[in-house]
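Structure first, commentary second.
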Amino acid sequence: MRQRPGGPEDGAEGLFDLDELVAASAPAAERADRSFRDGEQARRLLDVSEIYAEPAAARSWRGRQIIARFPGARVVETVSHWRIPDLHGNAGNVERWVRIKRGTLVLGERKSFGVRPNGRSADWIAPALSNGCAMACAYCYVPRRKGFANPITVFTNVERVLAAVERHVASTGPKREPNQCDERAWVYDIGENGDCSVDDLISDNTADLIHAFRRLPTAKASFATKFVNPDLLRLDPGGRTRIRFSVMPPYDSRHLDIRTSPVPERLAAAADFLDAGYEVHFNLSPVVIRPGWERDWGELLRAMDDTLPGRVKDQAAAEIIMLTHNQDLHEVNLGWHPRAEEVLWREDLQQSKRSENGSWNVRYRTGVKASAVEALRALIAARAPWLRVRYAF
C-alpha cells in the first residue's frame, strides 16, 4: 500500500468580474508549450492521494497508466466502482465533499455500451468514459446517484467504448436532414456525467475520444465544460468536436460554480479553441431565477458581445438550460454549502416530479419556466443578436 499526504482542501469559487473580460489572462495557446496537467493549477483542482480500483481496471493498460501517474496514491481494491462503503451512502462524507473530489479517484470498467437517443444537446448520448467530477457545482445532477460523495470514476476499457461508438456511427450512416443539433453531422455527447476537460488531467481518455471522432466524417463529438484546460489545444480535433463553454452571471458563478475556471477565463479561451480546430458553442446554464436575474444575464450577454471576436460569434450557438434541482442533492448541499440552497431551492416557484430512478426532482413551474425562457430570448435578441439559440430546456 502506498500513501502520499493530501494537500489542504481547496474550495475556491468561480469568481466573475465583467471588467476582467477585457483584460483576461494570456491566451491559452501561449501556455500550450508545456503540459498543463502537470502544473500547479491542475494540482490545486486534483491531487489524488487515494485510488479505489476494480481489479480488472487496475490491470488494464489505461488503469496502469493512471496509477503510475499518481505514484504516491494509496490503491484500494474494490469489487465494484458503484459500491464502495467508505464513499457511497456514507452521510458523514458530506463534510468532506470537496476534499474527496480533490483527493479521491475511482477506477472501474464500463459494463454497458449502448448509445441512447437525445435530440436536445446532441443527437445521441455516447457511453461515457467517466462519471463524477473534481469540480463542485452545487446544482450538479450526477451526485444524485452516488450518495454523499462524487469523485471522478474513470472507466479504463477505452477500446470497447470507442468500438461501440464507431459501430453506431457506421450503422447510422450520413445525416440526411439538418436538425437543431447540427446541420450535417450526427452529434454524440461524450461527457454526459462528467467534464471531459477535467478528465484530461487524469488520463488520455478525452484525447482518445477526440481523435476517434476526427476519423468519423459523418459524426461529431460534443461536451460541455466549466474548466479551461490548455492541453486540449494540442489535440487537433479537425472540426469534429464541439466544446460548449457553460457560462452564468457573477452572482450565480460566485455561489454555485465551485472550483471551476472563472467565467472570464472560459470566454477568453473561446477563440483559442476555435483556432485549434474545435467548434465552440455556449451553454447558458443553469438559469437560476432570483431577484435581479434578468439584469445580470443582460450584463453577461453584453460582455460576451463586447469581448468575443467576430470569428467566434459567426459560428456560435447556445443552449438555454433552466435549473433542475433534486431533493436528495438539496439535503447534501445543506450539509456543506447551505447558502447555495437559498437560490436553488425555491418551493414558491418550483414543482416536483418523480425521476426515472425514483428520486424527486424539482423544476420551475411550467408558466414560470416559459416566462423566463421568453425573457432570456428577448435579452439575447437585444444584447447578443448573433447568438443563435439551438434549444431551451
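Identifiers in the C-alpha cells: chain A, B, ... in order shown; residue index from 1 per chain; ligand index from 1 in order shown.
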> Do you know which residues are at most 9 Å from range 362-375 of chain A counting only C-alpha atoms, after dropping those on the same chain fewer than 4 positions away, and could you put them as a ChimeraX atom specification?
Replying inline: /A:287,289,294,320-327,345-347,349-354,379-380,392-393
>> Considering only alpha helix (DSSP H) as DSSP defines it on the backbone, what residues of range 36-279 of chain A qualify? List them as a ChimeraX atom specification.
In response: /A:40-45,55-59,61-69,97-103,143-146,158-172,196-199,205-214,250-256,263-275
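Minimum atom-to-atom distance to His330 in chain A, evaluated using only C-alpha atoms, belongs to A:Cys140 out of A:Cys140, A:Arg160, A:Trp293, A:Arg69.
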Residues at most 7 Å from range 174-177 of chain A, counting only C-alpha atoms, excluding those fewer than 3 positions away in the same chain, as an mmCIF file with N, CA and C atoms, in the first residue's frame?
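Everything below was put into out.cif:
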data_model
loop_
_atom_site.group_PDB
_atom_site.id
_atom_site.type_symbol
_atom_site.label_atom_id
_atom_site.label_comp_id
_atom_site.auth_asym_id
_atom_site.auth_seq_id
_atom_site.Cartn_x
_atom_site.Cartn_y
_atom_site.Cartn_z
ATOM 1 N N ARG A 184 -25.263 18.973 -40.521
ATOM 2 C CA ARG A 184 -24.709 17.921 -41.373
ATOM 3 C C ARG A 184 -24.291 16.665 -40.621
ATOM 4 N N ALA A 185 -23.799 16.799 -39.420
ATOM 5 C CA ALA A 185 -23.221 15.647 -38.710
ATOM 6 C C ALA A 185 -24.148 15.154 -37.601
ATOM 7 N N TRP A 186 -24.048 13.859 -37.315
ATOM 8 C CA TRP A 186 -24.678 13.312 -36.119
ATOM 9 C C TRP A 186 -23.820 13.705 -34.917
ATOM 10 N N THR A 218 -19.037 11.529 -40.661
ATOM 11 C CA THR A 218 -20.479 11.763 -40.538
ATOM 12 C C THR A 218 -20.895 12.091 -39.110
#
Once DSSP has gone over the backbone, tell me which residues of range 278-360 of chain A are in strand (DSSP E), as a JSON list (two decimals) with N, CA and C atoms, in the first residue's frame.
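Final file, result15.json:
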[["chain", "number", "residue", "atom", "x", "y", "z"],
["A", 279, "GLU", "N", -15.23, 23.36, -32.76],
["A", 279, "GLU", "CA", -16.41, 24.20, -32.86],
["A", 279, "GLU", "C", -16.73, 24.67, -31.45],
["A", 280, "VAL", "N", -17.05, 25.93, -31.26],
["A", 280, "VAL", "CA", -17.23, 26.49, -29.93],
["A", 280, "VAL", "C", -18.66, 27.03, -29.78],
["A", 281, "HIS", "N", -19.40, 26.42, -28.88],
["A", 281, "HIS", "CA", -20.73, 26.89, -28.53],
["A", 281, "HIS", "C", -20.77, 27.26, -27.05],
["A", 282, "PHE", "N", -21.90, 27.74, -26.59],
["A", 282, "PHE", "CA", -22.05, 28.16, -25.20],
["A", 282, "PHE", "C", -23.32, 27.55, -24.60],
["A", 283, "ASN", "N", -23.22, 27.17, -23.34],
["A", 283, "ASN", "CA", -24.39, 26.78, -22.56],
["A", 283, "ASN", "C", -24.72, 27.93, -21.62],
["A", 284, "LEU", "N", -25.90, 28.48, -21.72],
["A", 284, "LEU", "CA", -26.39, 29.43, -20.71],
["A", 284, "LEU", "C", -27.04, 28.57, -19.65],
["A", 285, "SER", "N", -26.26, 28.21, -18.64],
["A", 285, "SER", "CA", -26.67, 27.09, -17.82],
["A", 285, "SER", "C", -25.99, 27.08, -16.45],
["A", 286, "PRO", "N", -26.79, 26.75, -15.40],
["A", 286, "PRO", "CA", -28.24, 26.77, -15.43],
["A", 286, "PRO", "C", -28.75, 28.19, -15.22],
["A", 287, "VAL", "N", -29.92, 28.45, -15.72],
["A", 287, "VAL", "CA", -30.57, 29.74, -15.47],
["A", 287, "VAL", "C", -31.33, 29.63, -14.15],
["A", 317, "ALA", "N", -23.40, 29.13, -31.18],
["A", 317, "ALA", "CA", -24.80, 28.85, -30.87],
["A", 317, "ALA", "C", -24.87, 28.56, -29.38],
["A", 318, "ALA", "N", -26.07, 28.57, -28.84],
["A", 318, "ALA", "CA", -26.21, 28.42, -27.40],
["A", 318, "ALA", "C", -27.37, 27.50, -27.05],
["A", 319, "GLU", "N", -27.28, 26.93, -25.87],
["A", 319, "GLU", "CA", -28.37, 26.19, -25.25],
["A", 319, "GLU", "C", -28.80, 26.94, -24.00],
["A", 320, "ILE", "N", -30.08, 27.08, -23.81],
["A", 320, "ILE", "CA", -30.63, 27.65, -22.57],
["A", 320, "ILE", "C", -31.11, 26.49, -21.72],
["A", 321, "ILE", "N", -30.55, 26.34, -20.54],
["A", 321, "ILE", "CA", -30.92, 25.23, -19.67],
["A", 321, "ILE", "C", -31.37, 25.79, -18.33],
["A", 322, "MET", "N", -32.66, 25.69, -18.07],
["A", 322, "MET", "CA", -33.21, 26.16, -16.80],
["A", 322, "MET", "C", -32.83, 25.17, -15.68],
["A", 324, "THR", "N", -32.72, 22.54, -12.91],
["A", 324, "THR", "CA", -33.42, 21.40, -12.34],
["A", 324, "THR", "C", -32.69, 21.02, -11.06],
["A", 325, "HIS", "N", -33.42, 20.86, -9.96],
["A", 325, "HIS", "CA", -32.80, 20.52, -8.69],
["A", 325, "HIS", "C", -33.37, 19.19, -8.20],
["A", 326, "ASN", "N", -32.93, 18.75, -7.04],
["A", 326, "ASN", "CA", -33.27, 17.41, -6.58],
["A", 326, "ASN", "C", -33.34, 17.40, -5.05],
["A", 350, "GLN", "N", -41.16, 26.31, -7.78],
["A", 350, "GLN", "CA", -40.85, 25.01, -8.33],
["A", 350, "GLN", "C", -41.96, 23.98, -8.09],
["A", 351, "GLN", "N", -41.91, 22.94, -8.91],
["A", 351, "GLN", "CA", -42.83, 21.81, -8.75],
["A", 351, "GLN", "C", -42.03, 20.52, -8.78],
["A", 352, "SER", "N", -42.52, 19.49, -8.12],
["A", 352, "SER", "CA", -41.81, 18.22, -8.01],
["A", 352, "SER", "C", -42.24, 17.27, -9.11],
["A", 353, "LYS", "N", -41.29, 16.41, -9.49],
["A", 353, "LYS", "CA", -41.58, 15.37, -10.46],
["A", 353, "LYS", "C", -40.69, 14.17, -10.17],
["A", 354, "ARG", "N", -41.29, 12.97, -10.16],
["A", 354, "ARG", "CA", -40.53, 11.76, -9.89],
["A", 354, "ARG", "C", -39.65, 11.43, -11.10],
["A", 360, "TRP", "N", -36.90, 12.42, -6.32],
["A", 360, "TRP", "CA", -37.75, 13.57, -6.61],
["A", 360, "TRP", "C", -36.92, 14.73, -7.14]]
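CA of Val48 in chain A is found 26.8 Å from CA of Glu331 in chain A.
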Closest atom pairs, residues of range 72-164 of chain A within 8 Å of range 250-260 of chain A, only C-alpha atoms, as CSV:
residue,atom,partner,partner_atom,distance
A:Ala134,CA,A:Arg259,CA,7.9
A:Met135,CA,A:Arg259,CA,5.0
A:Ala136,CA,A:Ile258,CA,5.0
A:Cys137,CA,A:Asp257,CA,4.6
A:Ala138,CA,A:Leu256,CA,5.2
A:Tyr139,CA,A:Leu256,CA,7.1
> Residues at most 10 Å from Asn118 in chain A, counting only C-alpha atoms, excluding those fewer than 3 positions away in the same chain, as a ChimeraX atom specification?
Replying inline: /A:115,121-126,181,187-189
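When CA of Gly298 in chain A is paired with CA of Ala340 in chain A, their separation reads 21.8 Å.
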Could you pull the residues within 12 Å of Gln65 in chain A, counting only C-alpha atoms, minus those fewer than 6 positions along the same chain, as an mmCIF file with N, CA, C and O atoms, in the first residue's frame?
data_model
loop_
_atom_site.group_PDB
_atom_site.id
_atom_site.type_symbol
_atom_site.label_atom_id
_atom_site.label_comp_id
_atom_site.auth_asym_id
_atom_site.auth_seq_id
_atom_site.Cartn_x
_atom_site.Cartn_y
_atom_site.Cartn_z
ATOM 1 N N ALA A 57 -9.790 -3.210 -13.794
ATOM 2 C CA ALA A 57 -9.443 -1.847 -14.178
ATOM 3 C C ALA A 57 -8.004 -1.529 -13.819
ATOM 4 O O ALA A 57 -7.284 -0.885 -14.586
ATOM 5 N N ALA A 58 -7.568 -1.969 -12.652
ATOM 6 C CA ALA A 58 -6.185 -1.716 -12.233
ATOM 7 C C ALA A 58 -5.189 -2.447 -13.123
ATOM 8 O O ALA A 58 -4.080 -1.953 -13.356
ATOM 9 N N ARG A 59 -5.585 -3.615 -13.659
ATOM 10 C CA ARG A 59 -4.667 -4.389 -14.508
ATOM 11 C C ARG A 59 -4.637 -3.895 -15.949
ATOM 12 O O ARG A 59 -3.693 -4.185 -16.685
ATOM 13 N N PRO A 71 1.888 8.323 -8.321
ATOM 14 C CA PRO A 71 2.685 7.277 -7.676
ATOM 15 C C PRO A 71 2.582 7.275 -6.158
ATOM 16 O O PRO A 71 2.889 6.255 -5.534
ATOM 17 N N LEU A 107 -11.398 3.813 -10.196
ATOM 18 C CA LEU A 107 -11.177 3.175 -11.488
ATOM 19 C C LEU A 107 -12.117 1.979 -11.623
ATOM 20 O O LEU A 107 -12.192 1.143 -10.728
ATOM 21 N N VAL A 154 -13.216 6.832 -13.390
ATOM 22 C CA VAL A 154 -12.680 6.704 -14.738
ATOM 23 C C VAL A 154 -12.887 5.264 -15.202
ATOM 24 O O VAL A 154 -12.546 4.320 -14.491
ATOM 25 N N THR A 156 -11.766 2.373 -17.646
ATOM 26 C CA THR A 156 -10.476 2.100 -18.277
ATOM 27 C C THR A 156 -10.574 1.261 -19.550
ATOM 28 O O THR A 156 -9.596 1.175 -20.295
ATOM 29 N N ILE A 202 -6.337 13.517 -15.865
ATOM 30 C CA ILE A 202 -6.097 12.199 -15.280
ATOM 31 C C ILE A 202 -5.498 11.230 -16.279
ATOM 32 O O ILE A 202 -4.576 10.480 -15.966
ATOM 33 N N SER A 203 -6.038 11.215 -17.487
ATOM 34 C CA SER A 203 -5.613 10.231 -18.473
ATOM 35 C C SER A 203 -5.875 10.765 -19.873
ATOM 36 O O SER A 203 -6.370 11.881 -20.043
ATOM 37 N N ASP A 204 -5.591 9.937 -20.869
ATOM 38 C CA ASP A 204 -5.810 10.317 -22.267
ATOM 39 C C ASP A 204 -7.173 9.864 -22.790
ATOM 40 O O ASP A 204 -7.374 9.799 -24.003
ATOM 41 N N ASN A 205 -8.117 9.566 -21.900
ATOM 42 C CA ASN A 205 -9.442 9.144 -22.352
ATOM 43 C C ASN A 205 -10.093 10.190 -23.252
ATOM 44 O O ASN A 205 -10.650 9.870 -24.305
#
Selection near Leu232 in chain A, 9 Å with only C-alpha atoms, sequence-local residues under 5 positions removed, as a PDB file with N, CA, C and O atoms, in the first residue's frame:
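Contents of around.pdb, as written:
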ATOM      1  N   ALA A  32       0.410  26.508 -24.162  1.00  0.00           N
ATOM      2  CA  ALA A  32       0.330  25.117 -24.588  1.00  0.00           C
ATOM      3  C   ALA A  32       1.682  24.494 -24.891  1.00  0.00           C
ATOM      4  O   ALA A  32       1.752  23.376 -25.355  1.00  0.00           O
ATOM      5  N   SER A 197     -12.877  18.093 -19.956  1.00  0.00           N
ATOM      6  CA  SER A 197     -11.682  18.918 -19.771  1.00  0.00           C
ATOM      7  C   SER A 197     -10.948  18.536 -18.492  1.00  0.00           C
ATOM      8  O   SER A 197      -9.713  18.509 -18.451  1.00  0.00           O
ATOM      9  N   ASP A 200      -9.194  15.041 -18.672  1.00  0.00           N
ATOM     10  CA  ASP A 200      -7.901  15.035 -19.353  1.00  0.00           C
ATOM     11  C   ASP A 200      -6.739  15.272 -18.389  1.00  0.00           C
ATOM     12  O   ASP A 200      -5.592  14.991 -18.741  1.00  0.00           O
ATOM     13  N   THR A 206     -10.058  11.456 -22.841  1.00  0.00           N
ATOM     14  CA  THR A 206     -10.654  12.514 -23.653  1.00  0.00           C
ATOM     15  C   THR A 206      -9.946  12.638 -24.988  1.00  0.00           C
ATOM     16  O   THR A 206     -10.581  12.771 -26.038  1.00  0.00           O
ATOM     17  N   ALA A 207      -8.628  12.571 -24.974  1.00  0.00           N
ATOM     18  CA  ALA A 207      -7.859  12.644 -26.223  1.00  0.00           C
ATOM     19  C   ALA A 207      -8.218  11.493 -27.147  1.00  0.00           C
ATOM     20  O   ALA A 207      -8.361  11.677 -28.371  1.00  0.00           O
ATOM     21  N   PHE A 273      -9.733  27.975 -28.676  1.00  0.00           N
ATOM     22  CA  PHE A 273     -10.241  26.648 -29.024  1.00  0.00           C
ATOM     23  C   PHE A 273     -10.773  26.617 -30.450  1.00  0.00           C
ATOM     24  O   PHE A 273     -10.598  25.612 -31.161  1.00  0.00           O
ATOM     25  N   ALA A 276      -7.895  26.291 -32.673  1.00  0.00           N
ATOM     26  CA  ALA A 276      -7.257  24.975 -32.560  1.00  0.00           C
ATOM     27  C   ALA A 276      -8.060  23.882 -33.259  1.00  0.00           C
ATOM     28  O   ALA A 276      -7.643  22.718 -33.247  1.00  0.00           O
TER      29      ALA A 276
END
Contact residues around range 234-242 of chain A with only C-alpha atoms at 6 Å, ignoring same-chain residues under 5 positions, as a PDB file with N, CA and C atoms, in the first residue's frame:
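part_25.pdb was written with the following content:
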ATOM      1  N   ILE A 210     -11.581  12.302 -28.798  1.00  0.00           N
ATOM      2  CA  ILE A 210     -11.462  13.370 -29.799  1.00  0.00           C
ATOM      3  C   ILE A 210     -10.782  12.846 -31.053  1.00  0.00           C
ATOM      4  N   PHE A 213     -13.216  10.635 -33.150  1.00  0.00           N
ATOM      5  CA  PHE A 213     -14.203  11.369 -33.948  1.00  0.00           C
ATOM      6  C   PHE A 213     -13.559  12.101 -35.122  1.00  0.00           C
ATOM      7  N   ARG A 214     -12.289  12.389 -35.021  1.00  0.00           N
ATOM      8  CA  ARG A 214     -11.605  13.017 -36.142  1.00  0.00           C
ATOM      9  C   ARG A 214     -11.614  12.107 -37.372  1.00  0.00           C
ATOM     10  N   LYS A 220     -19.850  13.922 -35.015  1.00  0.00           N
ATOM     11  CA  LYS A 220     -19.154  14.987 -34.302  1.00  0.00           C
ATOM     12  C   LYS A 220     -19.312  14.738 -32.802  1.00  0.00           C
ATOM     13  N   ALA A 221     -18.221  14.850 -32.041  1.00  0.00           N
ATOM     14  CA  ALA A 221     -18.288  14.751 -30.585  1.00  0.00           C
ATOM     15  C   ALA A 221     -18.702  16.092 -30.002  1.00  0.00           C
ATOM     16  N   SER A 222     -19.265  16.042 -28.798  1.00  0.00           N
ATOM     17  CA  SER A 222     -19.667  17.274 -28.121  1.00  0.00           C
ATOM     18  C   SER A 222     -19.580  17.072 -26.621  1.00  0.00           C
ATOM     19  N   GLY A 277      -9.205  24.233 -33.855  1.00  0.00           N
ATOM     20  CA  GLY A 277      -9.954  23.249 -34.624  1.00  0.00           C
ATOM     21  C   GLY A 277     -11.223  22.741 -33.995  1.00  0.00           C
ATOM     22  N   TYR A 278     -11.639  23.356 -32.886  1.00  0.00           N
ATOM     23  CA  TYR A 278     -12.903  22.983 -32.251  1.00  0.00           C
ATOM     24  C   TYR A 278     -14.030  23.869 -32.771  1.00  0.00           C
ATOM     25  N   GLU A 279     -15.233  23.363 -32.760  1.00  0.00           N
ATOM     26  CA  GLU A 279     -16.413  24.202 -32.863  1.00  0.00           C
ATOM     27  C   GLU A 279     -16.727  24.670 -31.446  1.00  0.00           C
ATOM     28  N   VAL A 280     -17.053  25.934 -31.262  1.00  0.00           N
ATOM     29  CA  VAL A 280     -17.235  26.494 -29.927  1.00  0.00           C
ATOM     30  C   VAL A 280     -18.655  27.032 -29.775  1.00  0.00           C
TER      31      VAL A 280
END
> Separation of CA of Ala212 in chain A and CA of Asp231 in chain A, in Å?
Replying inline: 17.3 Å
> Which residue, A:Pro249, A:Gly173, A:Gly292, A:Gly191, has the smallest gap to Val142 in chain A when you use only C-alpha atoms?
Replying inline: A:Gly191
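Using only C-alpha atoms, the shortest contact distance between Arg215 in chain A and any of A:Val169, A:Val332, A:Ala270, A:Val247 is found at A:Val169.
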>> My list of candidates is A:Glu192, A:Asp314, A:Asp305, A:Asp296. Which is closest to Leu274 in chain A when distances are computed with only C-alpha atoms?
In response: A:Asp314
